[in-house]
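Chemist: Next comes query27.pdb, PDB, C-alpha atoms:
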```
ATOM      1  CA  MET H   1      65.901 -48.629 -52.667  1.00  0.00           C
ATOM      2  CA  GLU H   2      64.996 -46.199 -55.486  1.00  0.00           C
ATOM      3  CA  THR H   3      67.280 -43.349 -54.481  1.00  0.00           C
ATOM      4  CA  LYS H   4      70.168 -45.685 -53.799  1.00  0.00           C
ATOM      5  CA  ILE H   5      70.087 -47.229 -57.270  1.00  0.00           C
ATOM      6  CA  LYS H   6      69.762 -43.882 -59.043  1.00  0.00           C
ATOM      7  CA  ASP H   7      72.631 -42.551 -56.931  1.00  0.00           C
ATOM      8  CA  PHE H   8      74.568 -45.733 -57.670  1.00  0.00           C
ATOM      9  CA  PHE H   9      74.696 -44.777 -61.370  1.00  0.00           C
ATOM     10  CA  ALA H  10      74.784 -40.979 -61.030  1.00  0.00           C
ATOM     11  CA  ASN H  11      77.461 -39.077 -62.947  1.00  0.00           C
ATOM     12  CA  SER H  12      79.591 -42.147 -63.590  1.00  0.00           C
ATOM     13  CA  ASP H  13      82.930 -41.891 -65.343  1.00  0.00           C
ATOM     14  CA  LEU H  14      82.796 -45.521 -66.485  1.00  0.00           C
ATOM     15  CA  LEU H  15      79.163 -46.405 -67.200  1.00  0.00           C
ATOM     16  CA  ASP H  16      79.074 -45.334 -70.843  1.00  0.00           C
ATOM     17  CA  TYR H  17      82.440 -46.884 -71.616  1.00  0.00           C
ATOM     18  CA  ILE H  18      81.675 -50.243 -69.994  1.00  0.00           C
ATOM     19  CA  VAL H  19      77.935 -50.588 -70.722  1.00  0.00           C
ATOM     20  CA  LEU H  20      77.355 -48.669 -73.970  1.00  0.00           C
ATOM     21  CA  ARG H  21      80.621 -48.745 -75.885  1.00  0.00           C
ATOM     22  CA  PRO H  22      80.234 -52.501 -76.574  1.00  0.00           C
ATOM     23  CA  LEU H  23      77.137 -51.484 -78.562  1.00  0.00           C
ATOM     24  CA  SER H  24      79.029 -49.016 -80.761  1.00  0.00           C
ATOM     25  CA  HIS H  25      78.554 -51.344 -83.735  1.00  0.00           C
ATOM     26  CA  ILE H  26      74.840 -50.469 -83.478  1.00  0.00           C
ATOM     27  CA  ASN H  27      75.146 -46.804 -82.602  1.00  0.00           C
ATOM     28  CA  MET H  28      78.362 -44.789 -82.487  1.00  0.00           C
ATOM     29  CA  SER H  29      76.754 -42.268 -80.091  1.00  0.00           C
ATOM     30  CA  TRP H  30      77.495 -44.155 -76.888  1.00  0.00           C
ATOM     31  CA  GLU H  31      79.018 -41.389 -74.766  1.00  0.00           C
ATOM     32  CA  LEU H  32      76.921 -39.911 -71.958  1.00  0.00           C
ATOM     33  CA  THR H  33      76.593 -36.443 -70.479  1.00  0.00           C
ATOM     34  CA  TRP H  34      75.304 -36.077 -66.923  1.00  0.00           C
ATOM     35  CA  SER H  35      72.566 -33.512 -66.272  1.00  0.00           C
ATOM     36  CA  SER H  36      72.718 -32.324 -62.663  1.00  0.00           C
ATOM     37  CA  GLU H  37      69.496 -30.414 -63.224  1.00  0.00           C
ATOM     38  CA  ASP H  38      67.549 -33.546 -64.254  1.00  0.00           C
ATOM     39  CA  SER H  39      69.596 -36.017 -62.164  1.00  0.00           C
ATOM     40  CA  GLU H  40      69.978 -38.312 -65.145  1.00  0.00           C
ATOM     41  CA  TYR H  41      71.982 -38.643 -68.323  1.00  0.00           C
ATOM     42  CA  GLU H  42      70.962 -36.148 -71.011  1.00  0.00           C
ATOM     43  CA  ARG H  43      68.349 -37.724 -73.262  1.00  0.00           C
ATOM     44  CA  GLU H  44      69.993 -36.842 -76.544  1.00  0.00           C
ATOM     45  CA  GLU H  45      68.207 -38.077 -79.630  1.00  0.00           C
ATOM     46  CA  GLY H  46      70.017 -40.853 -81.438  1.00  0.00           C
ATOM     47  CA  THR H  47      71.903 -42.024 -78.342  1.00  0.00           C
ATOM     48  CA  PHE H  48      71.522 -44.856 -75.856  1.00  0.00           C
ATOM     49  CA  ALA H  49      70.885 -42.364 -73.023  1.00  0.00           C
ATOM     50  CA  PRO H  50      67.075 -42.686 -73.057  1.00  0.00           C
ATOM     51  CA  LEU H  51      67.267 -46.494 -72.908  1.00  0.00           C
ATOM     52  CA  LEU H  52      69.869 -46.344 -70.136  1.00  0.00           C
ATOM     53  CA  ASN H  53      67.902 -43.790 -68.088  1.00  0.00           C
ATOM     54  CA  ASP H  54      64.749 -45.867 -68.459  1.00  0.00           C
ATOM     55  CA  LEU H  55      66.637 -48.995 -67.409  1.00  0.00           C
ATOM     56  CA  ILE H  56      68.046 -47.253 -64.325  1.00  0.00           C
ATOM     57  CA  ALA H  57      64.517 -46.114 -63.402  1.00  0.00           C
ATOM     58  CA  GLU H  58      63.227 -49.659 -63.873  1.00  0.00           C
ATOM     59  CA  LEU H  59      66.037 -51.098 -61.738  1.00  0.00           C
ATOM     60  CA  SER H  60      65.198 -48.510 -59.076  1.00  0.00           C
ATOM     61  CA  ASN H  61      61.624 -49.781 -58.921  1.00  0.00           C
ATOM     62  CA  THR H  62      62.448 -53.492 -59.018  1.00  0.00           C
ATOM     63  CA  VAL H  63      62.537 -55.506 -55.822  1.00  0.00           C
ATOM     64  CA  PRO H  64      65.864 -57.349 -55.769  1.00  0.00           C
ATOM     65  CA  PRO H  65      65.583 -61.132 -55.758  1.00  0.00           C
ATOM     66  CA  ALA H  66      66.904 -63.139 -52.824  1.00  0.00           C
ATOM     67  CA  LYS H  67      69.262 -65.026 -55.176  1.00  0.00           C
ATOM     68  CA  TYR H  68      69.936 -63.269 -58.468  1.00  0.00           C
ATOM     69  CA  HIS H  69      71.947 -66.246 -59.729  1.00  0.00           C
ATOM     70  CA  ASN H  70      68.622 -68.109 -60.008  1.00  0.00           C
ATOM     71  CA  ASN H  71      67.510 -65.571 -62.622  1.00  0.00           C
ATOM     72  CA  GLU H  72      70.733 -66.061 -64.569  1.00  0.00           C
ATOM     73  CA  ASP H  73      70.320 -69.838 -64.252  1.00  0.00           C
ATOM     74  CA  CYS H  74      66.905 -69.540 -65.974  1.00  0.00           C
ATOM     75  CA  LEU H  75      68.607 -67.892 -68.937  1.00  0.00           C
ATOM     76  CA  ALA H  76      71.337 -70.528 -69.084  1.00  0.00           C
ATOM     77  CA  GLU H  77      68.782 -73.330 -68.871  1.00  0.00           C
ATOM     78  CA  TYR H  78      66.855 -71.764 -71.758  1.00  0.00           C
ATOM     79  CA  VAL H  79      70.042 -71.764 -73.846  1.00  0.00           C
ATOM     80  CA  GLN H  80      70.830 -75.325 -72.818  1.00  0.00           C
ATOM     81  CA  GLN H  81      67.359 -76.667 -73.643  1.00  0.00           C
ATOM     82  CA  THR H  82      66.237 -74.482 -76.552  1.00  0.00           C
ATOM     83  CA  LEU H  83      69.508 -73.866 -78.381  1.00  0.00           C
ATOM     84  CA  ASN H  84      71.008 -77.212 -77.376  1.00  0.00           C
ATOM     85  CA  TRP H  85      74.271 -75.627 -76.250  1.00  0.00           C
ATOM     86  CA  LYS H  86      76.552 -78.053 -74.474  1.00  0.00           C
ATOM     87  CA  ILE H  87      76.782 -76.013 -71.288  1.00  0.00           C
ATOM     88  CA  TYR H  88      76.600 -77.361 -67.779  1.00  0.00           C
ATOM     89  CA  LYS H  89      76.918 -76.151 -64.249  1.00  0.00           C
ATOM     90  CA  VAL H  90      79.970 -76.953 -62.135  1.00  0.00           C
ATOM     91  CA  GLY H  91      79.429 -75.815 -58.583  1.00  0.00           C
ATOM     92  CA  GLY H  92      77.835 -72.404 -59.015  1.00  0.00           C
ATOM     93  CA  ARG H  93      79.285 -71.662 -62.480  1.00  0.00           C
ATOM     94  CA  TRP H  94      78.111 -72.371 -66.002  1.00  0.00           C
ATOM     95  CA  VAL H  95      80.869 -73.712 -68.237  1.00  0.00           C
ATOM     96  CA  GLY H  96      81.162 -74.711 -71.867  1.00  0.00           C
ATOM     97  CA  GLU H  97      80.640 -71.262 -73.401  1.00  0.00           C
ATOM     98  CA  ASP H  98      81.348 -67.631 -72.580  1.00  0.00           C
ATOM     99  CA  TYR H  99      79.005 -66.596 -69.745  1.00  0.00           C
ATOM    100  CA  ASP H 100      78.141 -63.253 -71.364  1.00  0.00           C
ATOM    101  CA  ALA H 101      77.147 -65.099 -74.560  1.00  0.00           C
ATOM    102  CA  ILE H 102      74.987 -67.496 -72.556  1.00  0.00           C
ATOM    103  CA  LEU H 103      73.128 -64.600 -70.928  1.00  0.00           C
ATOM    104  CA  GLU H 104      72.795 -62.721 -74.221  1.00  0.00           C
ATOM    105  CA  GLN H 105      71.315 -65.718 -76.020  1.00  0.00           C
ATOM    106  CA  GLY H 106      69.139 -66.537 -73.011  1.00  0.00           C
ATOM    107  CA  GLY H 107      67.785 -63.010 -73.228  1.00  0.00           C
ATOM    108  CA  PHE H 108      66.005 -63.892 -76.470  1.00  0.00           C
ATOM    109  CA  GLY H 109      63.663 -66.092 -74.416  1.00  0.00           C
ATOM    110  CA  ASP H 110      63.407 -63.649 -71.516  1.00  0.00           C
ATOM    111  CA  ILE H 111      60.084 -61.821 -71.890  1.00  0.00           C
ATOM    112  CA  ASN H 112      60.645 -58.098 -71.252  1.00  0.00           C
ATOM    113  CA  GLU H 113      64.119 -59.044 -70.025  1.00  0.00           C
ATOM    114  CA  GLN H 114      62.570 -59.894 -66.630  1.00  0.00           C
ATOM    115  CA  ASN H 115      65.312 -62.301 -65.528  1.00  0.00           C
ATOM    116  CA  LEU H 116      68.045 -59.967 -66.734  1.00  0.00           C
ATOM    117  CA  VAL H 117      66.499 -57.021 -64.853  1.00  0.00           C
ATOM    118  CA  GLN H 118      66.178 -59.137 -61.715  1.00  0.00           C
ATOM    119  CA  ALA H 119      69.796 -60.276 -62.043  1.00  0.00           C
ATOM    120  CA  ALA H 120      71.019 -56.703 -62.495  1.00  0.00           C
ATOM    121  CA  THR H 121      69.005 -55.479 -59.511  1.00  0.00           C
ATOM    122  CA  GLY H 122      70.356 -58.306 -57.382  1.00  0.00           C
ATOM    123  CA  ARG H 123      73.919 -57.514 -58.411  1.00  0.00           C
ATOM    124  CA  ILE H 124      73.425 -53.827 -57.524  1.00  0.00           C
ATOM    125  CA  LYS H 125      71.964 -54.716 -54.129  1.00  0.00           C
ATOM    126  CA  ALA H 126      74.901 -57.047 -53.457  1.00  0.00           C
ATOM    127  CA  ALA H 127      77.351 -54.256 -54.310  1.00  0.00           C
ATOM    128  CA  ILE H 128      75.549 -51.747 -52.091  1.00  0.00           C
ATOM    129  CA  ASP H 129      75.408 -54.310 -49.279  1.00  0.00           C
ATOM    130  CA  MET H 130      79.193 -54.639 -49.613  1.00  0.00           C
ATOM    131  CA  ARG H 131      79.471 -50.829 -49.259  1.00  0.00           C
ATOM    132  CA  GLN H 132      80.236 -50.281 -52.934  1.00  0.00           C
ATOM    133  CA  ILE H 133      77.787 -47.412 -53.240  1.00  0.00           C
ATOM    134  CA  HIS H 134      78.646 -46.258 -56.768  1.00  0.00           C
ATOM    135  CA  PHE H 135      79.097 -48.133 -60.037  1.00  0.00           C
ATOM    136  CA  ASP H 136      82.610 -46.722 -60.506  1.00  0.00           C
ATOM    137  CA  ASP H 137      83.638 -48.068 -57.095  1.00  0.00           C
ATOM    138  CA  MET H 138      82.512 -51.656 -57.634  1.00  0.00           C
ATOM    139  CA  GLU H 139      85.025 -54.470 -57.518  1.00  0.00           C
ATOM    140  CA  ASP H 140      86.212 -54.951 -61.118  1.00  0.00           C
ATOM    141  CA  SER H 141      84.882 -58.437 -61.905  1.00  0.00           C
ATOM    142  CA  HIS H 142      81.459 -57.650 -60.411  1.00  0.00           C
ATOM    143  CA  LYS H 143      81.354 -54.317 -62.254  1.00  0.00           C
ATOM    144  CA  ARG H 144      82.167 -56.056 -65.522  1.00  0.00           C
ATOM    145  CA  MET H 145      79.416 -58.627 -64.975  1.00  0.00           C
ATOM    146  CA  LEU H 146      76.784 -56.031 -64.036  1.00  0.00           C
ATOM    147  CA  ALA H 147      77.807 -53.999 -67.077  1.00  0.00           C
ATOM    148  CA  ALA H 148      77.458 -57.072 -69.305  1.00  0.00           C
ATOM    149  CA  VAL H 149      73.933 -57.728 -68.023  1.00  0.00           C
ATOM    150  CA  MET H 150      72.972 -54.085 -68.616  1.00  0.00           C
ATOM    151  CA  THR H 151      74.523 -54.126 -72.094  1.00  0.00           C
ATOM    152  CA  ILE H 152      72.495 -57.233 -72.938  1.00  0.00           C
ATOM    153  CA  ILE H 153      69.255 -55.623 -71.732  1.00  0.00           C
ATOM    154  CA  ILE H 154      69.898 -52.483 -73.787  1.00  0.00           C
ATOM    155  CA  TYR H 155      70.900 -54.588 -76.806  1.00  0.00           C
ATOM    156  CA  HIS H 156      67.606 -56.485 -76.690  1.00  0.00           C
ATOM    157  CA  ARG H 157      65.570 -53.335 -76.100  1.00  0.00           C
ATOM    158  CA  GLN H 158      67.265 -51.420 -78.896  1.00  0.00           C
ATOM    159  CA  PHE H 159      65.356 -53.601 -81.325  1.00  0.00           C
ATOM    160  CA  ASP H 160      62.034 -53.851 -79.478  1.00  0.00           C
ATOM    161  CA  VAL H 161      59.217 -52.574 -81.632  1.00  0.00           C
ATOM    162  CA  ASP H 162      56.026 -51.440 -79.896  1.00  0.00           C
TER     163      ASP H 162
END
```
Once you've parsed the file, please lay out its structure as structure tokens.

Modeler:
Amino acid sequence: METKIKDFFANSDLLDYIVLRPLSHINMSWELTWSSEDSEYEREEGTFAPLLNDLIAELSNTVPPAKYHNNEDCLAEYVQQTLNWKIYKVGGRWVGEDYDAILEQGGFGDINEQNLVQAATGRIKAAIDMRQIHFDDMEDSHKRMLAAVMTIIIYHRQFDVD
């Protein structure tokens, strides 16, 4: 699945705007430039490009889960139990707070963002299975949700200290 995921994000018109621009309060250098020679976004110092390229490589090497919603449920349950948020599941949806905020806060208990990475990989596989073979071509609500998960991963990793 490696080539498919890298191709899925290649030379996107929307990726930087949807995934990185929400982080402009951290770093104003959110715009990307595609390098055809390297087949990745140019790794300009002081930008999110290195983190994004590394995330895409990680997603490419991650086996998609059978049910990525289970990974997101782990994050929501962490928020529910640890932060005592009054959220609950109705059918297949978490309600009571903004879903992006639930996942972001859940990410603080997600070691190496494992559940978030699994969720993102599962969402990409689902898109590819539905013949949406590029990020820019995804159905809007699914694209927005995948972008939110990726933004959250990059947000958490921006502050990781080795």

Chemist: Distance CA of Ala66 in chain H-CA of Gly122 in chain H, one decimal place?

Modeler: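 CA of Ala66 in chain H sits 7.5 Å away from CA of Gly122 in chain H.
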
Chemist: Translate the PyMOL selection byres ((chain H and resi 78-80) around 9) into a concrete residue list for this structure, as a ChimeraX atom specification.

Modeler: /H:73-77,81-88,102-103,105-107,109-110

Chemist: Please save C-alpha atoms of the selected residues as a CSV table (one decimal), in the frame of the given file.

Modeler:
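Just written: again.csv:
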```
chain,number,residue,atom,x,y,z
H,73,ASP,CA,70.3,-69.8,-64.3
H,74,CYS,CA,66.9,-69.5,-66.0
H,75,LEU,CA,68.6,-67.9,-68.9
H,76,ALA,CA,71.3,-70.5,-69.1
H,77,GLU,CA,68.8,-73.3,-68.9
H,81,GLN,CA,67.4,-76.7,-73.6
H,82,THR,CA,66.2,-74.5,-76.6
H,83,LEU,CA,69.5,-73.9,-78.4
H,84,ASN,CA,71.0,-77.2,-77.4
H,85,TRP,CA,74.3,-75.6,-76.2
H,86,LYS,CA,76.6,-78.1,-74.5
H,87,ILE,CA,76.8,-76.0,-71.3
H,88,TYR,CA,76.6,-77.4,-67.8
H,102,ILE,CA,75.0,-67.5,-72.6
H,103,LEU,CA,73.1,-64.6,-70.9
H,105,GLN,CA,71.3,-65.7,-76.0
H,106,GLY,CA,69.1,-66.5,-73.0
H,107,GLY,CA,67.8,-63.0,-73.2
H,109,GLY,CA,63.7,-66.1,-74.4
H,110,ASP,CA,63.4,-63.6,-71.5
```

Chemist: Would you write out, as CSV, a table of all residues in range 55-162 of chain H that have an atom no more than 8 Å from an atom of range 19-33 of chain H, listing for each the closest atom pair and the distance in Å to one decimal, considering all atoms listed in the file and ordering rows by chain and rising residue number?

Modeler:
```
residue,atom,partner,partner_atom,distance
H:Ala147,CA,H:Val19,CA,5.0
H:Ala148,CA,H:Val19,CA,6.7
H:Met150,CA,H:Val19,CA,6.4
H:Thr151,CA,H:Val19,CA,5.1
H:Tyr155,CA,H:Leu23,CA,7.2
```

Chemist: Selected residues, C-alpha atoms, written as an mmCIF file, in the frame of the given file, please.

Modeler:
```cif
data_model
loop_
_atom_site.group_PDB
_atom_site.id
_atom_site.type_symbol
_atom_site.label_atom_id
_atom_site.label_comp_id
_atom_site.auth_asym_id
_atom_site.auth_seq_id
_atom_site.Cartn_x
_atom_site.Cartn_y
_atom_site.Cartn_z
ATOM 1 C CA ALA H 147 77.807 -53.999 -67.077
ATOM 2 C CA ALA H 148 77.458 -57.072 -69.305
ATOM 3 C CA MET H 150 72.972 -54.085 -68.616
ATOM 4 C CA THR H 151 74.523 -54.126 -72.094
ATOM 5 C CA TYR H 155 70.900 -54.588 -76.806
#
```

Chemist: Just checking: using all atoms listed in the file, which residue out of H:Asp7, H:Asp100, H:Glu72, H:Glu44 ends up closest to Arg144 in chain H?

Modeler: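 Using all atoms listed in the file, the shortest distance to Arg144 in chain H belongs to H:Asp100.
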
Chemist: By how many Å are CA of Glu40 in chain H and CA of Ala57 in chain H apart?

Modeler: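 That distance, rounded to one decimal, is 9.7 Å.
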
Chemist: Translate the PyMOL selection byres ((chain H and resi 156) around 9) into a concrete residue list for this structure, as an mmCIF file with C-alpha atoms, in the frame of the given file.

Modeler:
```cif
data_model
loop_
_atom_site.group_PDB
_atom_site.id
_atom_site.type_symbol
_atom_site.label_atom_id
_atom_site.label_comp_id
_atom_site.auth_asym_id
_atom_site.auth_seq_id
_atom_site.Cartn_x
_atom_site.Cartn_y
_atom_site.Cartn_z
ATOM 1 C CA GLU H 104 72.795 -62.721 -74.221
ATOM 2 C CA GLY H 107 67.785 -63.010 -73.228
ATOM 3 C CA PHE H 108 66.005 -63.892 -76.470
ATOM 4 C CA ASN H 112 60.645 -58.098 -71.252
ATOM 5 C CA GLU H 113 64.119 -59.044 -70.025
ATOM 6 C CA THR H 151 74.523 -54.126 -72.094
ATOM 7 C CA ILE H 152 72.495 -57.233 -72.938
ATOM 8 C CA ILE H 153 69.255 -55.623 -71.732
ATOM 9 C CA ILE H 154 69.898 -52.483 -73.787
ATOM 10 C CA TYR H 155 70.900 -54.588 -76.806
ATOM 11 C CA ARG H 157 65.570 -53.335 -76.100
ATOM 12 C CA GLN H 158 67.265 -51.420 -78.896
ATOM 13 C CA PHE H 159 65.356 -53.601 -81.325
ATOM 14 C CA ASP H 160 62.034 -53.851 -79.478
#
```

Chemist: Mind checking which residues fall within 8 Å of Val117 in chain H, counting all atoms listed in the file, ignoring those fewer than 3 positions away in the same chain, and posting them as a PyMOL selection string?

Modeler: chain H and resi 59+62+113-114+120-121+153

Chemist: So the first atom is CA of Asp137 in chain H and the second is CA of Glu58 in chain H; what is the distance between them in Å, to one decimal place?

Modeler: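 Between CA of Asp137 in chain H and CA of Glu58 in chain H the gap is 21.6 Å.
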
Chemist: With distances taken over only C-alpha atoms, which of H:Arg131, H:Asn115, H:Ser35, H:Arg123 is nearest to Lys143 in chain H?

Modeler: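 Residue with the minimum atom-to-atom distance to Lys143 in chain H: H:Arg123.
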
Chemist: The PyMOL selection byres ((chain H and resi 134) around 8) on the file shown: which residues, as a list in words?

Modeler: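 Selected by the PyMOL selection byres ((chain H and resi 134) around 8) here: Asp7, Phe8, Phe9, Ala10, Ile128, Gln132, Ile133, Phe135, Asp136, Asp137 and Met138 of chain H.
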
Chemist: Nearest to Leu55 in chain H among H:Ile111, H:Ser36, H:Lys67, H:Tyr41, with distances taken over only C-alpha atoms: which residue is it?

Modeler: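 Comparing H:Ile111, H:Ser36, H:Lys67, H:Tyr41 against Leu55 in chain H, the winner is H:Tyr41.
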
Chemist: Starting from the sparse input, extend range 27-37 of chain H to all heavy atoms and give the output as a CSV table (one decimal), in the coordinates of the input.

Modeler:
```
chain,number,residue,atom,x,y,z
H,27,ASN,N,75.3,-48.3,-82.7
H,27,ASN,CA,75.1,-46.8,-82.6
H,27,ASN,C,76.5,-46.2,-82.1
H,27,ASN,O,76.9,-46.5,-81.0
H,27,ASN,CB,74.0,-46.5,-81.7
H,27,ASN,CG,73.7,-45.0,-81.6
H,27,ASN,OD1,74.5,-44.1,-81.9
H,27,ASN,ND2,72.5,-44.7,-81.1
H,28,MET,N,77.1,-45.4,-82.9
H,28,MET,CA,78.4,-44.8,-82.5
H,28,MET,C,78.2,-43.7,-81.4
H,28,MET,O,79.2,-43.3,-80.8
H,28,MET,CB,79.1,-44.2,-83.7
H,28,MET,CG,79.5,-45.2,-84.7
H,28,MET,SD,80.8,-46.2,-84.1
H,28,MET,CE,82.2,-45.1,-84.0
H,29,SER,N,77.0,-43.3,-81.1
H,29,SER,CA,76.8,-42.3,-80.1
H,29,SER,C,76.5,-42.9,-78.7
H,29,SER,O,75.4,-43.0,-78.2
H,29,SER,CB,75.5,-41.4,-80.5
H,29,SER,OG,75.8,-40.7,-81.7
H,30,TRP,N,77.6,-43.4,-78.1
H,30,TRP,CA,77.5,-44.2,-76.9
H,30,TRP,C,77.9,-43.3,-75.7
H,30,TRP,O,77.7,-43.7,-74.5
H,30,TRP,CB,78.3,-45.5,-76.9
H,30,TRP,CG,79.7,-45.3,-77.3
H,30,TRP,CD1,80.3,-45.4,-78.6
H,30,TRP,CD2,80.8,-45.0,-76.5
H,30,TRP,NE1,81.6,-45.1,-78.6
H,30,TRP,CE2,82.0,-44.9,-77.2
H,30,TRP,CE3,80.9,-44.8,-75.1
H,30,TRP,CZ2,83.3,-44.6,-76.7
H,30,TRP,CZ3,82.2,-44.5,-74.5
H,30,TRP,CH2,83.3,-44.4,-75.4
H,31,GLU,N,78.5,-42.2,-75.9
H,31,GLU,CA,79.0,-41.4,-74.8
H,31,GLU,C,77.9,-40.7,-74.1
H,31,GLU,O,76.9,-40.2,-74.7
H,31,GLU,CB,80.1,-40.4,-75.2
H,31,GLU,CG,81.4,-41.1,-75.7
H,31,GLU,CD,82.4,-40.2,-76.2
H,31,GLU,OE1,82.3,-39.7,-77.3
H,31,GLU,OE2,83.3,-39.9,-75.4
H,32,LEU,N,78.0,-40.5,-72.8
H,32,LEU,CA,76.9,-39.9,-72.0
H,32,LEU,C,77.4,-38.6,-71.4
H,32,LEU,O,78.5,-38.4,-71.1
H,32,LEU,CB,76.6,-40.8,-70.8
H,32,LEU,CG,76.0,-42.2,-71.1
H,32,LEU,CD1,75.9,-43.0,-69.8
H,32,LEU,CD2,74.6,-42.0,-71.7
H,33,THR,N,76.4,-37.7,-71.2
H,33,THR,CA,76.6,-36.4,-70.5
H,33,THR,C,75.6,-36.4,-69.3
H,33,THR,O,74.4,-36.6,-69.5
H,33,THR,CB,76.3,-35.2,-71.4
H,33,THR,OG1,77.2,-35.4,-72.6
H,33,THR,CG2,76.6,-33.9,-70.7
H,34,TRP,N,76.1,-36.1,-68.1
H,34,TRP,CA,75.3,-36.1,-66.9
H,34,TRP,C,74.6,-34.7,-66.8
H,34,TRP,O,75.2,-33.7,-67.0
H,34,TRP,CB,76.1,-36.3,-65.7
H,34,TRP,CG,75.4,-36.3,-64.4
H,34,TRP,CD1,75.4,-35.3,-63.5
H,34,TRP,CD2,74.4,-37.2,-64.0
H,34,TRP,NE1,74.5,-35.6,-62.5
H,34,TRP,CE2,73.9,-36.8,-62.7
H,34,TRP,CE3,73.9,-38.4,-64.5
H,34,TRP,CZ2,72.9,-37.5,-62.0
H,34,TRP,CZ3,73.0,-39.1,-63.8
H,34,TRP,CH2,72.5,-38.7,-62.5
H,35,SER,N,73.3,-34.7,-66.5
H,35,SER,CA,72.6,-33.5,-66.3
H,35,SER,C,72.3,-33.4,-64.8
H,35,SER,O,71.4,-34.1,-64.3
H,35,SER,CB,71.3,-33.5,-67.1
H,35,SER,OG,70.4,-32.5,-66.6
H,36,SER,N,73.0,-32.5,-64.1
H,36,SER,CA,72.7,-32.3,-62.7
H,36,SER,C,71.3,-31.8,-62.4
H,36,SER,O,70.7,-32.1,-61.4
H,36,SER,CB,73.7,-31.4,-62.1
H,36,SER,OG,75.0,-31.9,-62.2
H,37,GLU,N,70.8,-31.0,-63.4
H,37,GLU,CA,69.5,-30.4,-63.2
H,37,GLU,C,68.4,-31.5,-63.2
H,37,GLU,O,67.5,-31.4,-62.5
H,37,GLU,CB,69.3,-29.4,-64.4
H,37,GLU,CG,67.9,-28.7,-64.3
H,37,GLU,CD,67.8,-27.7,-65.4
H,37,GLU,OE1,68.8,-27.0,-65.7
H,37,GLU,OE2,66.7,-27.6,-66.0
```
